[in-house]
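Colleague: Dropping in start_24.tsv, which is TSV, C-alpha atoms:
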chain	number	residue	atom	x	y	z
A	1	MET	CA	-15.70	-11.78	4.39
A	2	ASN	CA	-14.96	-12.80	7.98
A	3	GLY	CA	-11.52	-11.18	7.76
A	4	LEU	CA	-13.07	-8.04	6.33
A	5	PHE	CA	-15.57	-7.60	9.17
A	6	LYS	CA	-12.95	-8.50	11.77
A	7	GLU	CA	-10.52	-5.80	10.64
A	8	ILE	CA	-13.20	-3.12	10.35
A	9	SER	CA	-14.40	-4.00	13.86
A	10	ARG	CA	-10.81	-3.33	14.97
A	11	GLY	CA	-11.10	0.22	13.64
A	12	LYS	CA	-9.33	-0.20	10.30
A	13	SER	CA	-10.61	1.66	7.25
A	14	LEU	CA	-11.98	-0.28	4.30
A	15	LEU	CA	-8.93	0.74	2.26
A	16	ARG	CA	-6.48	-0.47	4.92
A	17	THR	CA	-8.46	-3.68	5.37
A	18	LEU	CA	-8.53	-4.55	1.66
A	19	MET	CA	-4.83	-3.72	1.39
A	20	ASN	CA	-3.96	-5.94	4.34
A	21	LEU	CA	-6.03	-8.83	3.02
A	22	GLU	CA	-4.23	-8.57	-0.33
A	23	LEU	CA	-0.89	-8.78	1.49
A	24	LYS	CA	-1.89	-12.23	2.78
A	25	ASN	CA	-1.08	-13.47	-0.74
A	26	HIS	CA	2.54	-12.29	-0.53
A	27	SER	CA	5.68	-13.24	1.38
A	28	ILE	CA	9.00	-11.66	2.31
A	29	SER	CA	12.34	-13.24	3.08
A	30	GLY	CA	15.97	-12.44	3.83
A	31	LYS	CA	17.00	-8.87	4.62
A	32	VAL	CA	13.88	-6.72	4.27
A	33	LEU	CA	13.80	-2.93	4.29
A	34	ASP	CA	10.52	-1.30	5.31
A	35	VAL	CA	10.67	2.24	3.95
A	36	GLY	CA	8.46	4.62	5.92
A	37	GLY	CA	6.72	1.86	7.84
A	38	GLY	CA	6.79	3.60	11.21
A	39	VAL	CA	6.34	1.58	14.40
A	40	GLY	CA	4.54	-1.78	14.27
A	41	PRO	CA	2.30	-1.28	11.20
A	42	SER	CA	-0.76	-3.55	10.97
A	43	TYR	CA	0.32	-5.08	7.66
A	44	TYR	CA	3.01	-7.12	9.42
A	45	ARG	CA	0.21	-9.39	10.68
A	46	PHE	CA	-0.72	-10.33	7.11
A	47	LEU	CA	2.54	-10.73	5.22
A	48	THR	CA	4.05	-14.20	5.32
A	49	LYS	CA	7.58	-14.02	6.72
A	50	GLU	CA	9.96	-16.81	5.79
A	51	PRO	CA	12.12	-18.20	8.67
A	52	ASN	CA	15.21	-16.22	7.61
A	53	THR	CA	13.42	-12.86	7.46
A	54	LYS	CA	14.85	-9.80	9.20
A	55	VAL	CA	12.96	-6.52	8.82
A	56	VAL	CA	14.62	-3.12	9.29
A	57	THR	CA	12.56	0.09	9.29
A	58	LEU	CA	13.64	3.44	7.86
A	59	ASP	CA	11.50	6.42	8.84
A	60	LEU	CA	11.48	9.88	10.39
A	61	GLU	CA	10.13	8.17	13.50
A	62	GLY	CA	10.98	4.71	14.82
A	63	GLY	CA	13.60	2.34	13.42
A	64	THR	CA	16.52	4.04	11.68
A	65	LYS	CA	15.64	7.73	11.33
A	66	ILE	CA	16.18	9.13	7.83
A	67	ASP	CA	14.83	11.92	5.63
A	68	LEU	CA	13.45	9.98	2.67
A	69	GLU	CA	13.29	13.17	0.59
A	70	THR	CA	17.02	13.81	0.56
A	71	ASP	CA	19.08	11.12	2.31
A	72	ARG	CA	20.66	8.19	0.53
A	73	LEU	CA	19.57	4.85	1.92
A	74	PRO	CA	22.33	3.63	4.31
A	75	TYR	CA	23.11	0.44	2.38
A	76	ASN	CA	25.52	-0.67	-0.31
A	77	ASP	CA	24.34	-1.45	-3.83
A	78	SER	CA	22.35	-4.69	-4.17
A	79	ALA	CA	22.33	-5.31	-0.40
A	80	ILE	CA	18.59	-5.84	0.26
A	81	ASP	CA	16.44	-8.87	-0.62
A	82	ASN	CA	12.97	-7.33	-0.35
A	83	ILE	CA	11.65	-3.80	0.18
A	84	LEU	CA	8.28	-2.69	1.59
A	85	LEU	CA	6.91	0.63	0.32
A	86	VAL	CA	3.44	0.81	1.86
A	87	ASN	CA	1.43	4.05	1.97
A	88	ILE	CA	4.50	6.24	1.65
A	89	MET	CA	4.93	7.45	-1.95
A	90	GLU	CA	2.11	10.00	-1.70
A	91	HIS	CA	3.94	11.64	1.23
A	92	ILE	CA	7.28	12.02	-0.61
A	93	TYR	CA	7.58	14.99	-2.95
A	94	ASN	CA	10.96	13.83	-4.22
A	95	TYR	CA	9.68	10.30	-4.86
A	96	ASP	CA	11.84	9.75	-7.94
A	97	PHE	CA	15.00	10.10	-5.83
A	98	LEU	CA	13.64	7.63	-3.28
A	99	LEU	CA	12.72	5.08	-5.96
A	100	MET	CA	16.17	5.30	-7.52
A	101	GLU	CA	17.70	4.66	-4.10
A	102	ILE	CA	15.39	1.69	-3.60
A	103	TYR	CA	16.42	0.29	-6.96
A	104	ARG	CA	20.08	0.81	-6.12
A	105	VAL	CA	20.06	-1.12	-2.83
A	106	LEU	CA	17.78	-3.93	-4.05
A	107	LYS	CA	19.41	-7.17	-5.12
A	108	GLY	CA	18.98	-8.44	-8.67
A	109	GLY	CA	15.80	-10.51	-8.66
A	110	GLY	CA	14.71	-8.86	-5.40
A	111	LYS	CA	11.19	-7.52	-5.06
A	112	VAL	CA	9.41	-4.40	-3.87
A	113	ILE	CA	5.96	-4.80	-2.33
A	114	GLY	CA	3.97	-1.61	-1.97
A	115	PHE	CA	0.69	0.24	-1.95
A	116	VAL	CA	-0.54	3.76	-2.70
A	117	PRO	CA	-4.01	5.15	-1.94
A	118	PHE	CA	-6.03	6.84	-4.66
A	119	MET	CA	-9.63	7.81	-3.83
A	120	ILE	CA	-9.19	8.86	-0.22
A	121	ASN	CA	-9.13	12.01	1.84
A	122	TYR	CA	-6.22	14.39	2.28
A	123	HIS	CA	-4.01	12.85	5.00
A	124	PRO	CA	-0.76	14.73	5.76
A	125	ASP	CA	1.92	12.69	7.53
A	126	PRO	CA	3.45	15.25	7.75
A	127	HIS	CA	2.61	16.09	4.10
A	128	ASP	CA	0.31	14.63	1.44
A	129	TYR	CA	1.42	15.48	-2.10
A	130	PHE	CA	0.13	13.00	-4.70
A	131	ARG	CA	-2.46	10.51	-5.96
A	132	PHE	CA	-0.93	8.10	-8.48
A	133	SER	CA	-3.05	6.43	-11.17
A	134	GLN	CA	-2.20	2.95	-12.43
A	135	GLU	CA	-0.89	4.45	-15.68
A	136	ALA	CA	1.37	6.86	-13.81
A	137	LEU	CA	2.75	4.15	-11.54
A	138	LYS	CA	3.66	1.92	-14.46
A	139	LYS	CA	5.52	4.73	-16.26
A	140	ILE	CA	7.33	5.76	-13.07
A	141	PHE	CA	8.48	2.22	-12.28
A	142	ILE	CA	9.64	1.60	-15.86
A	143	GLN	CA	11.67	4.82	-15.84
A	144	VAL	CA	13.39	3.74	-12.62
A	145	GLY	CA	14.41	0.46	-14.26
A	146	PHE	CA	12.03	-2.18	-12.91
A	147	LYS	CA	11.19	-4.88	-15.47
A	148	ASP	CA	8.62	-7.16	-13.83
A	149	ILE	CA	5.81	-4.81	-12.78
A	150	ASN	CA	2.45	-5.99	-11.41
A	151	ILE	CA	-0.12	-3.40	-10.34
A	152	LYS	CA	-3.55	-4.32	-8.95
A	153	ALA	CA	-6.46	-1.99	-8.23
A	154	ILE	CA	-7.86	-2.39	-4.72
A	155	GLY	CA	-11.54	-1.57	-4.22
A	156	ARG	CA	-15.03	-2.60	-5.23
A	157	GLY	CA	-16.97	0.32	-6.71
A	158	PRO	CA	-18.27	3.86	-6.11
A	159	MET	CA	-20.28	2.91	-3.01
A	160	SER	CA	-17.19	1.42	-1.38
A	161	VAL	CA	-15.37	4.71	-1.95
A	162	ASN	CA	-18.23	6.50	-0.24
A	163	TYR	CA	-18.22	4.02	2.65
A	164	ASN	CA	-14.47	4.45	3.16
A	165	ASN	CA	-14.97	8.21	3.48
A	166	VAL	CA	-17.98	8.21	5.84
A	167	MET	CA	-17.10	5.27	8.10
A	168	ILE	CA	-14.56	7.25	10.11
A	169	PHE	CA	-17.40	9.38	11.53
A	170	LEU	CA	-19.40	6.38	12.75
A	171	PRO	CA	-19.15	4.15	15.84
A	172	ARG	CA	-17.55	0.78	15.04
A	173	ILE	CA	-20.81	-1.13	15.44
A	174	MET	CA	-22.49	1.12	12.86
A	175	ARG	CA	-19.62	0.54	10.43
A	176	ILE	CA	-20.33	-3.19	10.55
A	177	ILE	CA	-24.11	-2.80	10.27
A	178	ILE	CA	-24.08	-0.61	7.15
A	179	LEU	CA	-21.22	-2.36	5.31
A	180	PRO	CA	-23.39	-5.08	3.65
A	181	PHE	CA	-25.69	-2.41	2.18
A	182	TYR	CA	-22.78	-0.65	0.47
A	183	PHE	CA	-21.37	-3.91	-0.86
A	184	ILE	CA	-24.76	-5.06	-2.21
A	185	VAL	CA	-25.32	-1.79	-4.06
A	186	ASP	CA	-21.80	-1.95	-5.50
A	187	LYS	CA	-22.45	-5.52	-6.65
A	188	ILE	CA	-25.58	-4.41	-8.49
A	189	LEU	CA	-23.82	-1.43	-10.07
A	190	LEU	CA	-20.88	-3.56	-11.21
A	191	LYS	CA	-23.23	-6.10	-12.80
A	192	LEU	CA	-24.77	-3.29	-14.81
A	193	ARG	CA	-21.43	-1.69	-15.64
A	194	PRO	CA	-18.55	-4.15	-15.04
A	195	LYS	CA	-15.81	-1.68	-16.00
A	196	MET	CA	-16.94	0.75	-13.31
A	197	ASN	CA	-14.60	-0.99	-10.85
A	198	GLU	CA	-11.62	0.33	-12.81
A	199	ARG	CA	-12.83	3.90	-12.34
A	200	TYR	CA	-13.23	3.84	-8.56
A	201	PRO	CA	-10.08	2.31	-7.02
A	202	LEU	CA	-9.41	2.98	-3.38
A	203	GLY	CA	-5.75	2.42	-4.15
A	204	TYR	CA	-3.17	0.33	-5.99
A	205	PHE	CA	-1.14	-2.59	-4.75
A	206	PHE	CA	2.11	-3.25	-6.61
A	207	GLU	CA	4.89	-5.81	-6.73
A	208	LEU	CA	8.08	-5.01	-8.62
A	209	ARG	CA	11.20	-7.03	-9.39
A	210	LYS	CA	14.62	-5.77	-10.32
Please re-express this file's structure in structure tokens.

Modeller:
Amino acid sequence: MNGLFKEISRGKSLLRTLMNLELKNHSISGKVLDVGGGVGPSYYRFLTKEPNTKVVTLDLEGGTKIDLETDRLPYNDSAIDNILLVNIMEHIYNYDFLLMEIYRVLKGGGKVIGFVPFMINYHPDPHDYFRFSQEALKKIFIQVGFKDINIKAIGRGPMSVNYNNVMIFLPRIMRIIILPFYFIVDKILLKLRPKMNERYPLGYFFELRK
């Protein structure tokens, strides 16, 4: 809980905070391609980087500039050890092309670590096209060719979804003060209806292997 309050006090949304805390359980190594990561994303502070890790960013801004909708990734087949795909799929209309390119450049046994939001506001960057359910993600990743697919819902319940939407309008101190109330109500609701958590995900974390 300390990490949760600390990140929210820094101005991060509940969704971004829960995503970052989940990333603490994962590591990257070797040649890593961050697709659409922009400049200095906060999740770098949470991922464990092995000593031999070198991260390269592909984006419209920062790093190597590329149009992810249409451009082939500038790497040979099976050239990349790990790929980060964090908060980007919803902004790519031609996401199937991008995923095939990711699969192409990823080494056999290499992994993709990613996240997509689900129950959040419209957020164009510069566009916002999709919300992917867990069922949709699994089918999409299977069609691309990934075999080892792990998808995890990130969130707590309906009150947490509400909190994530209203917190952006509040001063940071108020975000901290009201957070326990939302979590307590969610805890009560989930005790009454345990499966409710599956129906109110803030987003989905995924790890894929080729």

Colleague: Within 12 Å of A:Asn2, counting all atoms listed in the file, which residues show up once you throw out same-chain ones fewer than 4 positions away? Write them as a list in words, please.

Modeller: Lys6, Glu7, Ile8, Ser9, Thr17, Leu21 and Ile176 of chain A

Colleague: Rank nothing, just name the residue among A:Tyr75, A:Tyr95, A:Tyr163, A:Tyr43 nearest to A:Ile120, using all atoms listed in the file.

Modeller: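 Going through A:Tyr75, A:Tyr95, A:Tyr163, A:Tyr43 one by one, the smallest distance to A:Ile120 is for A:Tyr163.
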
Colleague: What does the distance between atom CA of A:Tyr44 and atom CA of A:Asn20 come to in Å, to one decimal place?

Modeller: 8.7 Å

Colleague: May I have the residues within 12 Å of A:Val39 as an mmCIF file with C-alpha atoms, keeping the file's coordinate frame, using all atoms listed in the file and disregarding those fewer than 4 positions away in the same chain?

Modeller:
data_model
loop_
_atom_site.group_PDB
_atom_site.id
_atom_site.type_symbol
_atom_site.label_atom_id
_atom_site.label_comp_id
_atom_site.auth_asym_id
_atom_site.auth_seq_id
_atom_site.Cartn_x
_atom_site.Cartn_y
_atom_site.Cartn_z
ATOM 1 C CA ASP A 34 10.520 -1.300 5.310
ATOM 2 C CA VAL A 35 10.670 2.240 3.950
ATOM 3 C CA TYR A 43 0.320 -5.080 7.660
ATOM 4 C CA TYR A 44 3.010 -7.120 9.420
ATOM 5 C CA VAL A 55 12.960 -6.520 8.820
ATOM 6 C CA VAL A 56 14.620 -3.120 9.290
ATOM 7 C CA THR A 57 12.560 0.090 9.290
ATOM 8 C CA LEU A 58 13.640 3.440 7.860
ATOM 9 C CA ASP A 59 11.500 6.420 8.840
ATOM 10 C CA LEU A 60 11.480 9.880 10.390
ATOM 11 C CA GLU A 61 10.130 8.170 13.500
ATOM 12 C CA GLY A 62 10.980 4.710 14.820
ATOM 13 C CA GLY A 63 13.600 2.340 13.420
ATOM 14 C CA THR A 64 16.520 4.040 11.680
ATOM 15 C CA LYS A 65 15.640 7.730 11.330
#

Colleague: Set the distance at 9 Å and use only C-alpha atoms: which residues neighbour A:His91 once local chain neighbours fewer than 2 positions away are removed? I'd like the list as a ChimeraX atom specification.

Modeller: /A:87-89,93,95,123-130

Colleague: Give me, as an MDAnalysis selection string, all polymer residues having an atom no more than 12 Å from A:Phe183, counting all atoms listed in the file and skipping those fewer than 3 positions away in the same chain.

Modeller: chainID A and resid 1 4 14 155:164 176:180 186:190

Colleague: Need the shell around A:Leu33: protein/DNA/RNA residues with any atom at most 10 Å away, counting all atoms listed in the file. Skip same-chain ones fewer than 5 positions apart. Format as number ranges by chain?

Modeller: A: 54-58, 73, 80-85, 102, 105-106, 112

Colleague: Please compute the atom CA of A:Phe46-atom CA of A:Arg209 distance, one decimal, in Å.

Modeller: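 Going from atom CA of A:Phe46 over to atom CA of A:Arg209, I get 20.6 Å.
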
Colleague: Would you work out the distance separating atom CA of A:Asp96 from atom CA of A:Gly108, expressed in Å to one decimal?

Modeller: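 Pair atom CA of A:Asp96 / atom CA of A:Gly108 returns 19.6 Å.
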
Colleague: Give as a PDB file with C-alpha atoms, in the frame of the given file every residue, naming chains and numbers as the document does, that has an atom within 12 Å of (-0.5, -9.0, 1.3), counting all atoms listed in the file.

Modeller:
ATOM      1  CA  ARG A  16      -6.480  -0.470   4.920  1.00  0.00           C
ATOM      2  CA  THR A  17      -8.460  -3.680   5.370  1.00  0.00           C
ATOM      3  CA  LEU A  18      -8.530  -4.550   1.660  1.00  0.00           C
ATOM      4  CA  MET A  19      -4.830  -3.720   1.390  1.00  0.00           C
ATOM      5  CA  ASN A  20      -3.960  -5.940   4.340  1.00  0.00           C
ATOM      6  CA  LEU A  21      -6.030  -8.830   3.020  1.00  0.00           C
ATOM      7  CA  GLU A  22      -4.230  -8.570  -0.330  1.00  0.00           C
ATOM      8  CA  LEU A  23      -0.890  -8.780   1.490  1.00  0.00           C
ATOM      9  CA  LYS A  24      -1.890 -12.230   2.780  1.00  0.00           C
ATOM     10  CA  ASN A  25      -1.080 -13.470  -0.740  1.00  0.00           C
ATOM     11  CA  HIS A  26       2.540 -12.290  -0.530  1.00  0.00           C
ATOM     12  CA  SER A  27       5.680 -13.240   1.380  1.00  0.00           C
ATOM     13  CA  ILE A  28       9.000 -11.660   2.310  1.00  0.00           C
ATOM     14  CA  SER A  42      -0.760  -3.550  10.970  1.00  0.00           C
ATOM     15  CA  TYR A  43       0.320  -5.080   7.660  1.00  0.00           C
ATOM     16  CA  TYR A  44       3.010  -7.120   9.420  1.00  0.00           C
ATOM     17  CA  ARG A  45       0.210  -9.390  10.680  1.00  0.00           C
ATOM     18  CA  PHE A  46      -0.720 -10.330   7.110  1.00  0.00           C
ATOM     19  CA  LEU A  47       2.540 -10.730   5.220  1.00  0.00           C
ATOM     20  CA  THR A  48       4.050 -14.200   5.320  1.00  0.00           C
ATOM     21  CA  LYS A  49       7.580 -14.020   6.720  1.00  0.00           C
ATOM     22  CA  LEU A  84       8.280  -2.690   1.590  1.00  0.00           C
ATOM     23  CA  VAL A  86       3.440   0.810   1.860  1.00  0.00           C
ATOM     24  CA  ILE A 113       5.960  -4.800  -2.330  1.00  0.00           C
ATOM     25  CA  GLY A 114       3.970  -1.610  -1.970  1.00  0.00           C
ATOM     26  CA  PHE A 115       0.690   0.240  -1.950  1.00  0.00           C
ATOM     27  CA  LYS A 152      -3.550  -4.320  -8.950  1.00  0.00           C
ATOM     28  CA  ILE A 154      -7.860  -2.390  -4.720  1.00  0.00           C
ATOM     29  CA  PHE A 205      -1.140  -2.590  -4.750  1.00  0.00           C
ATOM     30  CA  PHE A 206       2.110  -3.250  -6.610  1.00  0.00           C
ATOM     31  CA  GLU A 207       4.890  -5.810  -6.730  1.00  0.00           C
TER      32      GLU A 207
END

Colleague: Taking the point (13.5, 10.0, -0.2) as given in the file, collect each protein or nucleic acid residue that comes within 6 Å of it, counting only C-alpha atoms, and present the set as an MDAnalysis selection string.

Modeller: chainID A and resid 68:70 97:98

Colleague: Box for stretch 141-160 of chain A: with edges along x, y and z, all listed atoms inside and 8 Å added on each side, what are the centre and edge lengths in Å to one decimal, as lines of an AutoDock Vina configuration file?

Modeller:
center_x = -2.9
center_y = -1.2
center_z = -8.6
size_x = 50.7
size_y = 28.0
size_z = 30.5

Colleague: Between A:Ile92, A:Ile149, A:Ile173, A:Ile168, which has the minimum distance to A:Lys111 (counting all atoms listed in the file)?

Modeller: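 Of A:Ile92, A:Ile149, A:Ile173, A:Ile168, the one nearest A:Lys111, counting all atoms listed in the file, is A:Ile149.
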
Colleague: Compare A:Met100, A:Gly3, A:Met167, A:Leu15 by their minimum atom-to-atom distance to A:Ile140, counting all atoms listed in the file, and give me the closest one.

Modeller: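 Looking only at the distances to A:Ile140, the closest residue turns out to be A:Met100.
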
Colleague: Calculated over all atoms listed in the file, which of the candidates A:Asn94, A:Ser29, A:Ser78, A:Asn121 has the smallest distance to A:Asn165?

Modeller: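 Once distances to A:Asn165 are computed over all atoms listed in the file, the minimum belongs to A:Asn121.
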
Colleague: Given only C-alpha atoms as the basis, pick out the residue of A:Gly203, A:Gly110, A:Gly11, A:Pro41 nearest to A:Arg172.

Modeller: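 Checking each candidate against A:Arg172, we get A:Gly11 as the closest.
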